[in-house]
Structure formats: C-alpha cells, structure tokens
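This is my_file.pdb. It holds PDB, C-alpha atoms, pLDDT in the B column.
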```pdb
MODEL        1
ATOM      1  CA  MET I 188      -4.944   1.376  13.298  1.00 62.00           C
ATOM      2  CA  ALA I 189      -7.443   1.949  16.014  1.00 62.00           C
ATOM      3  CA  PRO I 190     -10.490  -0.284  16.352  1.00 68.00           C
ATOM      4  CA  PRO I 191     -13.914   1.349  16.129  1.00 70.00           C
ATOM      5  CA  LYS I 192     -15.516   2.641  19.340  1.00 71.00           C
ATOM      6  CA  HIS I 193     -18.695   0.722  18.583  1.00 74.00           C
ATOM      7  CA  ILE I 194     -18.476  -2.783  17.128  1.00 79.00           C
ATOM      8  CA  PRO I 195     -21.723  -4.339  15.886  1.00 79.00           C
ATOM      9  CA  ARG I 196     -22.782  -7.239  18.094  1.00 86.00           C
ATOM     10  CA  ASN I 197     -23.132  -9.658  15.177  1.00 92.00           C
ATOM     11  CA  LEU I 198     -19.970  -8.536  13.373  1.00 89.00           C
ATOM     12  CA  MET I 199     -18.746 -12.075  12.709  1.00 92.00           C
ATOM     13  CA  LYS I 200     -22.098 -12.978  11.122  1.00 95.00           C
ATOM     14  CA  THR I 201     -21.671 -10.342   8.412  1.00 95.00           C
ATOM     15  CA  PRO I 202     -22.264 -12.176   5.132  1.00 96.00           C
ATOM     16  CA  ASP I 203     -19.607 -12.273   2.442  1.00 96.00           C
ATOM     17  CA  ALA I 204     -19.936  -9.957  -0.536  1.00 96.00           C
ATOM     18  CA  VAL I 205     -22.240 -11.464  -3.153  1.00 94.00           C
ATOM     19  CA  PRO I 206     -20.578 -11.353  -6.560  1.00 92.00           C
ATOM     20  CA  LYS I 207     -22.628  -9.754  -9.291  1.00 89.00           C
ATOM     21  CA  VAL I 208     -21.902  -8.468 -12.733  1.00 87.00           C
ATOM     22  CA  GLU I 209     -21.279  -4.722 -12.543  1.00 88.00           C
ATOM     23  CA  PRO I 210     -19.889  -2.288 -15.072  1.00 86.00           C
ATOM     24  CA  LEU I 211     -16.308  -1.211 -14.524  1.00 85.00           C
ATOM     25  CA  SER I 212     -15.989   2.116 -12.758  1.00 85.00           C
ATOM     26  CA  HIS I 213     -14.682   4.887 -15.015  1.00 77.00           C
ATOM     27  CA  ARG I 214     -13.702   6.930 -11.979  1.00 79.00           C
ATOM     28  CA  GLY I 215     -11.860   4.163 -10.111  1.00 80.00           C
ATOM     29  CA  ASN I 216     -10.106   2.785 -13.150  1.00 81.00           C
ATOM     30  CA  ARG I 217      -8.936   6.144 -14.513  1.00 69.00           C
ATOM     31  CA  PHE I 218      -9.949   5.417 -18.090  1.00 62.00           C
ATOM     32  CA  GLY I 219      -9.060   8.086 -20.598  1.00 59.00           C
ATOM     33  CA  LYS I 220     -11.094   8.958 -23.680  1.00 57.00           C
ATOM     34  CA  ASN I 221      -9.563   6.072 -25.614  1.00 56.00           C
ATOM     35  CA  GLY I 222      -9.892   3.650 -22.670  1.00 52.00           C
ATOM     36  CA  LYS I 223      -6.127   3.174 -22.471  1.00 58.00           C
ATOM     37  CA  LYS I 224      -5.040   5.833 -19.984  1.00 66.00           C
ATOM     38  CA  ASN I 225      -5.534   3.710 -16.901  1.00 81.00           C
ATOM     39  CA  THR I 226      -2.705   4.826 -14.638  1.00 83.00           C
ATOM     40  CA  TYR I 227      -2.579   6.896 -11.467  1.00 81.00           C
ATOM     41  CA  VAL I 228       0.032   8.136  -9.012  1.00 85.00           C
ATOM     42  CA  ALA I 229      -0.035   7.568  -5.239  1.00 87.00           C
ATOM     43  CA  LEU I 230       2.805   8.461  -2.878  1.00 86.00           C
ATOM     44  CA  LYS I 231       5.030   9.343  -5.855  1.00 88.00           C
ATOM     45  CA  LYS I 232       4.613   5.926  -7.464  1.00 89.00           C
ATOM     46  CA  ARG I 233       2.761   5.255 -10.728  1.00 87.00           C
ATOM     47  CA  TYR I 234       0.305   2.345 -10.818  1.00 88.00           C
ATOM     48  CA  ARG I 235      -1.233   0.795 -13.927  1.00 89.00           C
ATOM     49  CA  VAL I 236      -4.748  -0.600 -13.538  1.00 90.00           C
ATOM     50  CA  MET I 237      -5.043  -4.110 -14.932  1.00 90.00           C
ATOM     51  CA  PRO I 238      -7.360  -4.363 -17.962  1.00 86.00           C
ATOM     52  CA  THR I 239      -9.054  -7.444 -16.489  1.00 87.00           C
ATOM     53  CA  SER I 240      -9.116  -9.436 -13.271  1.00 91.00           C
ATOM     54  CA  LYS I 241      -9.557 -12.703 -15.157  1.00 91.00           C
ATOM     55  CA  GLY I 242      -7.294 -15.404 -13.787  1.00 93.00           C
ATOM     56  CA  TYR I 243      -5.778 -13.151 -11.116  1.00 96.00           C
ATOM     57  CA  ARG I 244      -4.213 -15.023  -8.213  1.00 97.00           C
ATOM     58  CA  ALA I 245      -1.513 -13.648  -5.948  1.00 98.00           C
ATOM     59  CA  ARG I 246      -0.057 -14.203  -2.516  1.00 98.00           C
ATOM     60  CA  GLY I 247       1.180 -11.470  -0.270  1.00 97.00           C
ATOM     61  CA  LEU I 248       0.580  -9.462   2.858  1.00 98.00           C
ATOM     62  CA  ALA I 249      -2.873  -8.179   3.790  1.00 97.00           C
ATOM     63  CA  SER I 250      -3.544  -5.324   6.173  1.00 95.00           C
ATOM     64  CA  TRP I 251      -6.767  -3.594   7.187  1.00 93.00           C
ATOM     65  CA  TYR I 252      -8.148  -0.097   7.252  1.00 86.00           C
ATOM     66  CA  GLY I 253     -10.925   1.163   9.462  1.00 74.00           C
ATOM     67  CA  THR I 254     -12.002   4.235  11.392  1.00 71.00           C
ATOM     68  CA  GLN I 255      -9.798   6.823   9.678  1.00 76.00           C
ATOM     69  CA  PHE I 256     -11.499   6.109   6.313  1.00 79.00           C
ATOM     70  CA  HIS I 257     -15.006   5.133   7.485  1.00 74.00           C
ATOM     71  CA  GLY I 258     -17.587   7.179   5.586  1.00 70.00           C
ATOM     72  CA  ARG I 259     -15.113   8.605   3.072  1.00 80.00           C
ATOM     73  CA  THR I 260     -15.540   8.157  -0.652  1.00 85.00           C
ATOM     74  CA  THR I 261     -13.753   5.148  -2.154  1.00 89.00           C
ATOM     75  CA  SER I 262     -11.924   5.265  -5.466  1.00 87.00           C
ATOM     76  CA  ASN I 263     -14.972   4.086  -7.394  1.00 89.00           C
ATOM     77  CA  GLY I 264     -17.296   6.613  -5.696  1.00 85.00           C
ATOM     78  CA  GLU I 265     -18.951   4.401  -3.071  1.00 91.00           C
ATOM     79  CA  ARG I 266     -18.800   5.282   0.628  1.00 91.00           C
ATOM     80  CA  TYR I 267     -16.337   3.197   2.612  1.00 89.00           C
ATOM     81  CA  ASN I 268     -18.063   1.165   5.307  1.00 91.00           C
ATOM     82  CA  MET I 269     -15.647  -0.670   7.568  1.00 89.00           C
ATOM     83  CA  PHE I 270     -18.467  -3.070   8.467  1.00 93.00           C
ATOM     84  CA  ALA I 271     -19.021  -4.155   4.841  1.00 94.00           C
ATOM     85  CA  MET I 272     -17.137  -6.939   3.057  1.00 97.00           C
ATOM     86  CA  THR I 273     -14.903  -4.748   0.920  1.00 96.00           C
ATOM     87  CA  ALA I 274     -11.223  -4.249   0.191  1.00 97.00           C
ATOM     88  CA  ALA I 275      -8.689  -2.063  -1.582  1.00 96.00           C
ATOM     89  CA  HIS I 276      -6.181  -3.190  -4.206  1.00 97.00           C
ATOM     90  CA  PRO I 277      -3.721  -1.007  -6.109  1.00 95.00           C
ATOM     91  CA  THR I 278      -4.181  -2.451  -9.622  1.00 94.00           C
ATOM     92  CA  LEU I 279      -7.212  -4.758  -9.988  1.00 94.00           C
ATOM     93  CA  PRO I 280     -10.059  -3.174 -11.975  1.00 93.00           C
ATOM     94  CA  LEU I 281     -12.877  -1.716  -9.879  1.00 93.00           C
ATOM     95  CA  PRO I 282     -15.063  -3.407  -8.954  1.00 94.00           C
ATOM     96  CA  THR I 283     -13.572  -6.878  -8.675  1.00 95.00           C
ATOM     97  CA  TYR I 284     -14.934  -9.615  -6.468  1.00 96.00           C
ATOM     98  CA  ALA I 285     -12.283 -11.812  -4.915  1.00 97.00           C
ATOM     99  CA  LYS I 286     -11.854 -14.681  -2.531  1.00 98.00           C
ATOM    100  CA  VAL I 287      -9.243 -13.855   0.115  1.00 98.00           C
ATOM    101  CA  THR I 288      -7.743 -16.731   2.097  1.00 98.00           C
ATOM    102  CA  ASN I 289      -5.614 -16.300   5.209  1.00 98.00           C
ATOM    103  CA  LEU I 290      -2.724 -18.701   4.561  1.00 98.00           C
ATOM    104  CA  GLU I 291      -1.952 -18.922   8.274  1.00 96.00           C
ATOM    105  CA  ASN I 292      -5.342 -20.234   9.445  1.00 97.00           C
ATOM    106  CA  GLY I 293      -7.189 -21.289   6.260  1.00 97.00           C
ATOM    107  CA  LYS I 294     -10.128 -18.911   6.731  1.00 97.00           C
ATOM    108  CA  SER I 295     -11.597 -17.386   3.558  1.00 98.00           C
ATOM    109  CA  VAL I 296     -13.989 -14.563   2.732  1.00 98.00           C
ATOM    110  CA  VAL I 297     -15.373 -12.997  -0.440  1.00 97.00           C
ATOM    111  CA  VAL I 298     -14.929  -9.240  -0.757  1.00 98.00           C
ATOM    112  CA  LYS I 299     -15.819  -6.554  -3.243  1.00 97.00           C
ATOM    113  CA  ILE I 300     -12.721  -4.581  -4.194  1.00 96.00           C
ATOM    114  CA  ASN I 301     -13.969  -1.012  -4.578  1.00 94.00           C
ATOM    115  CA  ASP I 302     -11.003   1.099  -3.505  1.00 94.00           C
ATOM    116  CA  ARG I 303      -7.320   1.739  -4.208  1.00 94.00           C
ATOM    117  CA  GLY I 304      -4.493   0.878  -1.844  1.00 92.00           C
ATOM    118  CA  PRO I 305      -2.553  -0.238   0.036  1.00 94.00           C
ATOM    119  CA  PHE I 306       0.388   1.871  -1.009  1.00 90.00           C
ATOM    120  CA  HIS I 307       3.046   0.195   1.148  1.00 84.00           C
ATOM    121  CA  ALA I 308       5.691  -1.632  -0.881  1.00 79.00           C
ATOM    122  CA  ASN I 309       5.118  -4.988   0.799  1.00 91.00           C
ATOM    123  CA  ARG I 310       1.291  -5.027   0.910  1.00 95.00           C
ATOM    124  CA  LEU I 311      -1.035  -6.811  -1.511  1.00 97.00           C
ATOM    125  CA  ILE I 312      -4.497  -5.848  -0.235  1.00 98.00           C
ATOM    126  CA  ASP I 313      -6.207  -3.714   2.411  1.00 96.00           C
ATOM    127  CA  LEU I 314      -9.259  -5.329   4.000  1.00 97.00           C
ATOM    128  CA  SER I 315     -12.237  -3.661   5.636  1.00 95.00           C
ATOM    129  CA  TYR I 316     -12.431  -4.037   9.417  1.00 94.00           C
ATOM    130  CA  VAL I 317     -15.045  -6.804   9.234  1.00 95.00           C
ATOM    131  CA  ALA I 318     -13.205  -8.742   6.510  1.00 97.00           C
ATOM    132  CA  ALA I 319     -10.022  -8.563   8.591  1.00 96.00           C
ATOM    133  CA  ALA I 320     -11.930  -9.713  11.686  1.00 96.00           C
ATOM    134  CA  LYS I 321     -13.415 -12.718   9.873  1.00 97.00           C
ATOM    135  CA  LEU I 322      -9.979 -13.677   8.544  1.00 98.00           C
ATOM    136  CA  GLY I 323      -8.272 -13.294  11.921  1.00 96.00           C
ATOM    137  CA  VAL I 324      -6.066 -10.388  10.837  1.00 95.00           C
ATOM    138  CA  LEU I 325      -7.031  -7.743  13.410  1.00 92.00           C
ATOM    139  CA  GLY I 326      -4.733  -8.746  16.278  1.00 87.00           C
ATOM    140  CA  ARG I 327      -1.443  -8.607  14.390  1.00 90.00           C
ATOM    141  CA  GLY I 328      -2.650  -6.127  11.795  1.00 91.00           C
ATOM    142  CA  THR I 329      -1.300  -8.130   8.866  1.00 95.00           C
ATOM    143  CA  ALA I 330      -1.369 -11.704   7.564  1.00 97.00           C
ATOM    144  CA  ARG I 331      -0.163 -13.677   4.559  1.00 98.00           C
ATOM    145  CA  VAL I 332      -3.079 -14.187   2.185  1.00 98.00           C
ATOM    146  CA  GLU I 333      -3.984 -15.481  -1.233  1.00 98.00           C
ATOM    147  CA  VAL I 334      -6.267 -13.325  -3.368  1.00 98.00           C
ATOM    148  CA  GLU I 335      -8.193 -14.971  -6.228  1.00 97.00           C
ATOM    149  CA  SER I 336     -10.452 -12.985  -8.528  1.00 96.00           C
ATOM    150  CA  ILE I 337     -13.954 -14.273  -9.154  1.00 94.00           C
ATOM    151  CA  PRO I 338     -14.743 -14.140 -12.883  1.00 83.00           C
ATOM    152  CA  ARG I 339     -17.072 -11.342 -14.045  1.00 69.00           C
ATOM    153  CA  ASP I 340     -19.254 -13.810 -15.978  1.00 61.00           C
ATOM    154  CA  HIS I 341     -20.308 -15.762 -12.899  1.00 49.00           C
ATOM    155  CA  GLY I 342     -23.990 -14.759 -13.132  1.00 48.00           C
ATOM    156  CA  GLY I 343     -24.133 -13.755  -9.478  1.00 44.00           C
ATOM    157  CA  LYS I 344     -23.028 -17.135  -8.126  1.00 47.00           C
ATOM    158  CA  ILE I 345     -19.631 -18.032  -6.749  1.00 48.00           C
ATOM    159  CA  PRO I 346     -18.041 -20.683  -8.968  1.00 50.00           C
ATOM    160  CA  LYS I 347     -17.566 -23.992  -7.188  1.00 56.00           C
ATOM    161  CA  LYS I 348     -13.760 -23.677  -7.080  1.00 53.00           C
ATOM    162  CA  HIS I 349     -14.131 -20.460  -5.061  1.00 46.00           C
ATOM    163  CA  ARG I 350     -16.489 -21.871  -2.455  1.00 47.00           C
ATOM    164  CA  SER I 351     -15.350 -23.001   0.957  1.00 45.00           C
ATOM    165  CA  ARG I 352     -16.905 -23.498   4.351  1.00 34.00           C
ATOM    166  CA  TYR I 353     -16.007 -19.842   5.052  1.00 30.00           C
ATOM    167  CA  ALA I 354     -17.215 -18.319   1.769  1.00 38.00           C
ATOM    168  CA  LYS I 355     -20.931 -18.868   1.364  1.00 34.00           C
TER     169      LYS I 355
ENDMDL
END
```
I'd like the structure from this file rewritten - as structure tokens, please.
Amino acid sequence: MAPPKHIPRNLMKTPDAVPKVEPLSHRGNRFGKNGKKNTYVALKKRYRVMPTSKGYRARGLASWYGTQFHGRTTSNGERYNMFAMTAAHPTLPLPTYAKVTNLENGKSVVVKINDRGPFHANRLIDLSYVAAAKLGVLGRGTARVEVESIPRDHGGKIPKKHRSRYAK
C-alpha cells in the first residue's frame, strides 16, 4: 500500500461521516427479484450480505486501501475517495454507518461503509486512507479494531452510546 503523492494539509481535520438514513443499495447488496438473493463471490469465496446491520458489533483486524482504488466505483456505485470517511466490509448491508475504534490506542471514527472487501481471511474491515490515518493505522498497515453499526433509525444524529471525544 503506497501513500498518496499529495496529502491534503488538513487531513487529520477531516470530519467523521455524518450518519443519515439512506435506502439500501440494490447494486451493492446484490438483491434478487425476491429480495433474497443477496450473495456474491470474490476470490472464489461466496459471501452472504447481512439483511440488517442492527446490533452488529465485531472485533478483528482492520487494514486500509488507498491510491490503487482512488476514483474507482465502489460496490454501491459511489466513487471511492481515499480522503473521505468511508470503509469496505464484506457482509454488512450498503450503506451502513459504523463507529470504528482502534483497540490499541482508543481512537474512534465514524465511517460510511459503501464498498465490499477486504477479502483476506483474517481481515474485518478496510478503511479509507483518511480513516486509517485518524485511527493511527497507516504506519503498520493493520490494527485490531471494534466495529459497531449505528442504527438506521438514528435520524441523522449519532446515538449517545456511539459518541466519543474522537467521533463528533
């Protein structure tokens, strides 16, 4: 993973993603005509998209993705911007807003999950370059994290239990 040639001067001041109610992406969630065909194959492995992100909480390894995907189309049809607070997850419905906490240093951010990946057996989530920078993941490339979904019925505000001094 190579860092970008040009890094915005105020990178660390990039605000967290602001949760909002959005319809689920038909493209990114692979819904069939009956709404039940929500699987896809990546690197010869079949993944089943979760029907809801409600109550999702998991711990695992986070990595980051940057320049090689910058500007490409994400799984839900948006353009990947490595300087936006986004992430990729193999099975959470798209979009999902989530609080990601680095378990090694306590830093947290809120990201919009709008892409699929990572497809490595031991990885839980791929973070955008800026999200990884704010969490302190860039140097080593990976870190142990906790990912907590933010409920879809939040009305655009982060519920109190998801707030921290890092997630505004």
Ranking I:Phe270, I:Phe256, I:Asn197, I:His307 by minimum distance to Lys231 in chain I and counting all atoms listed in the file, which one comes first?
I:His307
Just checking: using only C-alpha atoms, which residue out of I:Pro280, I:Pro338, I:Pro206, I:Gly293 ends up closest to Pro238 in chain I?
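Between I:Pro280, I:Pro338, I:Pro206, I:Gly293, the residue approaching Pro238 in chain I most closely is I:Pro280.
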In Å, with one decimal, what is the gap from CA of Val228 in chain I to CA of Ser315 in chain I?
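It comes out at 22.5 Å.
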Around the point (-5.2, -4.7, 1.7) in the file's coordinates, collect all residues with an atom within 12 Å, using all atoms listed in the file, and return them as a VMD selection string.
chain I and resid 246 to 253 273 to 279 287 298 to 316 318 to 319 324 328 to 334
Under the PyMOL selection byres ((chain I and resi 281) around 6), which residues of this model are included? Write them out as a list in words.
Leu211, Ser212, Gly215, Pro280, Pro282, Thr283 and Asn301 of chain I
Around all of range 290-304 of chain I's listed atoms, make the axis-aligned box with 8 Å on each side and tell me centre and edge lengths in Å to one decimal, as JSON.
```
{"center_x": -8.9, "center_y": -9.8, "center_z": 2.4, "size_x": 29.9, "size_y": 39.0, "size_z": 30.0}
```
